[in-house]
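Down below is the structure, laid out as structure tokens.
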Amino acid sequence: MSFLEKISTVHLDVLKEVGNIGAGNAATALSTLLNKKIDMRVPKVRVVSFDEMMEMAGGPENIVASVFLRIEGDAPGSMFFVLSLEQASTFIQQMTGDSQFSFAKPPYDEIAMSALQELGNILSGSYLSSLSDFTKLDLYPSVPALSIDMVGAIISFGLIELSQVSDFAIVIDTALDDDDYNGPKSVKGHFFLLPDPDSFEIIFQALGVTENE
Amino acid sequence: MNDTVQVIKVGIADMNIVRTPYHIRTSGLGSCVGVVIYDQGKELAGLAHVMLPDSTLAKGGAFNIAKYADTAVKELVNRLLKNGARDYSLKAKLAGGAQMFQFSSSNDMMRIGPRNVEAVKRELAAYKIAIVGEDVGGNSGRTIEFDPKTCLLNIRTVNKGVFEL
């Protein structure tokens, strides 16, 4: 629990900036890829229980499309790009030109899944490389894995490293909005960055913030 | 699944026990294992949402006993016995332990689902509790709900729909 006890508002602000830079670059990549305007919300950095973390993504039973990858290198961690099924199918339709695609019944079209995985790959890659530039740390993404399932089942996987030392997670959450969406304005996608417990100190040091600040 | 039924919810790394007419449920099991231990005669059941196989993995001082297979099964059995369950009539059903993402990584943490299942089974065997039904492994998330009266475990997955065990 040491990292949680020592964390201060300065640390949270630093992490917020980490989320801001990473997701900002990812949003730009998404915007370029789809040739449309993507809005990004101000990142939230929160210390949450595991149950609260599920609620942030719509509750444990909410079904989402999620790209997950492990961050390897100097500051290991987990990263999720979570999309509502509605938004994921819109992205797939735009990328593949298949306007009939939907998540109504599995098994899903292989090309569509591949496109979504590639989308996740590009976005998380741009998130990580900007983070790597900013912190001067070596960070490598694992090959991303895609899953269409319940939030609880997906997110808990990324909490396993953390759960060995703590019952709480520090989550850097950046929400994306799709401007073209005609309907109730709601959050369309989330980036969740979950550094492993030992990585916080490394990130803070790389950014010149000492542990006791 | 009648709407008028009162359902007690168990969160991640949490546990609870119920009696008829209550049902007990936990949502979004991935690599985690939901283990139900019950005494049908007493209509008493307990459910734990186990996240990790072994409490020796805990790197901190105090830890949440519902999180680990070994400590969770032990505590669940204790609580059931304290509430009038008879140790000889305890039975178990389990679900979960999926491999949500396929990685080629050598990291042992990546096959946490199967390890959780093994650990829960080992603990149940140590208490001589028979496993009457199980739906484990695979690669999809599960939501489970248990009725202590009928002792049926309702399992819902995204891809395979709903069935009872």
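If you're wondering about the labels, chains in the structure tokens are A, B, ... by order shown, residues count from 1 in each chain, ligands from 1 in order shown.
Using only C-alpha atoms, the chain A residues found within 7 Å of chain B amount to Met1, Phe50, Asp51, Pro60, Glu61, Pro106, Ala145, Asp149, Met150, Val151, Gly152, Ala153, Ile154, Ser156, Phe157, Gln164 and Val165 of chain A.
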### Message
Env of A:Asp177: 7 Å cut, atoms = only C-alpha atoms, seq-sep filter 4 positions within chain, self excluded. Answer as an MDAnalysis selection string.
### Response
chainID A and resid 38:40 187:189
I need the residues from that last selection saved to file as a CSV table (one decimal), in the first residue's frame (with N, CA and C atoms), if you can.
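Just written: out_14.csv:
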```
chain,number,residue,atom,x,y,z
A,38,ILE,N,-12.9,14.6,-33.0
A,38,ILE,CA,-13.0,13.8,-31.8
A,38,ILE,C,-12.7,14.7,-30.6
A,39,ASP,N,-13.6,14.8,-29.7
A,39,ASP,CA,-13.3,15.6,-28.5
A,39,ASP,C,-12.8,14.8,-27.4
A,40,MET,N,-11.9,15.4,-26.6
A,40,MET,CA,-11.3,14.7,-25.5
A,40,MET,C,-11.7,15.4,-24.2
A,187,VAL,N,-20.5,9.7,-23.1
A,187,VAL,CA,-19.1,9.4,-23.3
A,187,VAL,C,-19.0,8.1,-24.2
A,188,LYS,N,-18.1,8.2,-25.1
A,188,LYS,CA,-18.1,7.1,-26.1
A,188,LYS,C,-16.9,6.2,-25.9
A,189,GLY,N,-15.9,6.6,-25.3
A,189,GLY,CA,-14.8,5.7,-25.2
A,189,GLY,C,-13.9,6.2,-24.0
```
### Task
Write out as a PyMOL selection string the residues lying within 10 Å of B:Glu123, counting only C-alpha atoms and excluding same-chain residues fewer than 4 positions away.
chain B and resi 69-74+118-119+127-129
### Query
Contacts of B:Ile17 at 8 Å or less, counting only C-alpha atoms, minus same-chain residues fewer than 2 places along, as a PyMOL selection string?
chain B and resi 15+19+24+44-47+76+79-80
Can I get the selection written as an mmCIF file, in the first residue's frame, with C-alpha atoms?
```cif
data_model
loop_
_atom_site.group_PDB
_atom_site.id
_atom_site.type_symbol
_atom_site.label_atom_id
_atom_site.label_comp_id
_atom_site.auth_asym_id
_atom_site.auth_seq_id
_atom_site.Cartn_x
_atom_site.Cartn_y
_atom_site.Cartn_z
ATOM 1 C CA MET B 15 -18.056 -12.501 -0.052
ATOM 2 C CA ARG B 19 -30.721 -17.701 3.301
ATOM 3 C CA ILE B 24 -26.918 -14.148 -4.098
ATOM 4 C CA LEU B 44 -28.089 -21.437 3.406
ATOM 5 C CA ALA B 45 -25.462 -20.445 0.849
ATOM 6 C CA GLY B 46 -22.307 -18.389 0.701
ATOM 7 C CA LEU B 47 -20.574 -16.895 -2.316
ATOM 8 C CA LEU B 76 -16.763 -18.854 3.840
ATOM 9 C CA ARG B 79 -19.224 -18.260 8.376
ATOM 10 C CA LEU B 80 -21.582 -20.937 7.083
#
```
### Task
Please return as an MDAnalysis selection string: the residues of stretch 2-156 of chain B that backbone DSSP assigns to helix (DSSP H, G or I).
chainID B and resid 55:57 65:67 69:82 87:89 108:126
### Query
Between atom CA of A:Ala88 and atom CA of A:Ile63, what is the distance, to one decimal in Å?
11.5 Å
Pick out the residues sitting within 9 Å of A:Ala115, and hand them over as a PDB file with C-alpha atoms, in the first residue's frame; count only C-alpha atoms, and ignore anything fewer than 3 positions along from it in its own chain.
```pdb
ATOM      1  CA  PHE A  91     -15.898   2.842 -35.962  1.00  0.00           C
ATOM      2  CA  ILE A  92     -15.850  -0.570 -37.640  1.00  0.00           C
ATOM      3  CA  MET A  95     -13.034   1.657 -41.254  1.00  0.00           C
ATOM      4  CA  THR A  96     -14.235  -1.333 -43.249  1.00  0.00           C
ATOM      5  CA  GLU A 110     -13.138 -11.487 -38.691  1.00  0.00           C
ATOM      6  CA  ILE A 111     -12.251  -8.424 -40.773  1.00  0.00           C
ATOM      7  CA  ALA A 112     -14.296  -6.249 -38.433  1.00  0.00           C
ATOM      8  CA  GLU A 118      -5.837  -2.332 -35.324  1.00  0.00           C
ATOM      9  CA  LEU A 119      -7.678   0.769 -34.176  1.00  0.00           C
ATOM     10  CA  GLY A 120      -6.783  -0.124 -30.611  1.00  0.00           C
TER      11      GLY A 120
END
```
### Task
List the neighbours of stretch 74-80 of chain A out to 7 Å using only C-alpha atoms; skip same-chain residues closer than 4 positions along the sequence, and give me the result as JSON, numbers by chain.
{"A": [66, 67, 68, 69, 70, 137, 138, 139, 158, 191, 192, 193, 194, 195, 196, 199, 202, 203]}
### Message
Here is a test: counting only C-alpha atoms, which residue of B:Gly133, B:Arg111, B:Asn116, B:Tyr38 is nearest to B:Tyr88?
### Response
B:Tyr38
### Task
From the DSSP assignment of the backbone, select every residue of chain A that is strand (DSSP E or B), and format the answer as a ChimeraX atom specification.
/A:38-40,44-49,63-73,77-84,139-141,145-150,168-178,189-195
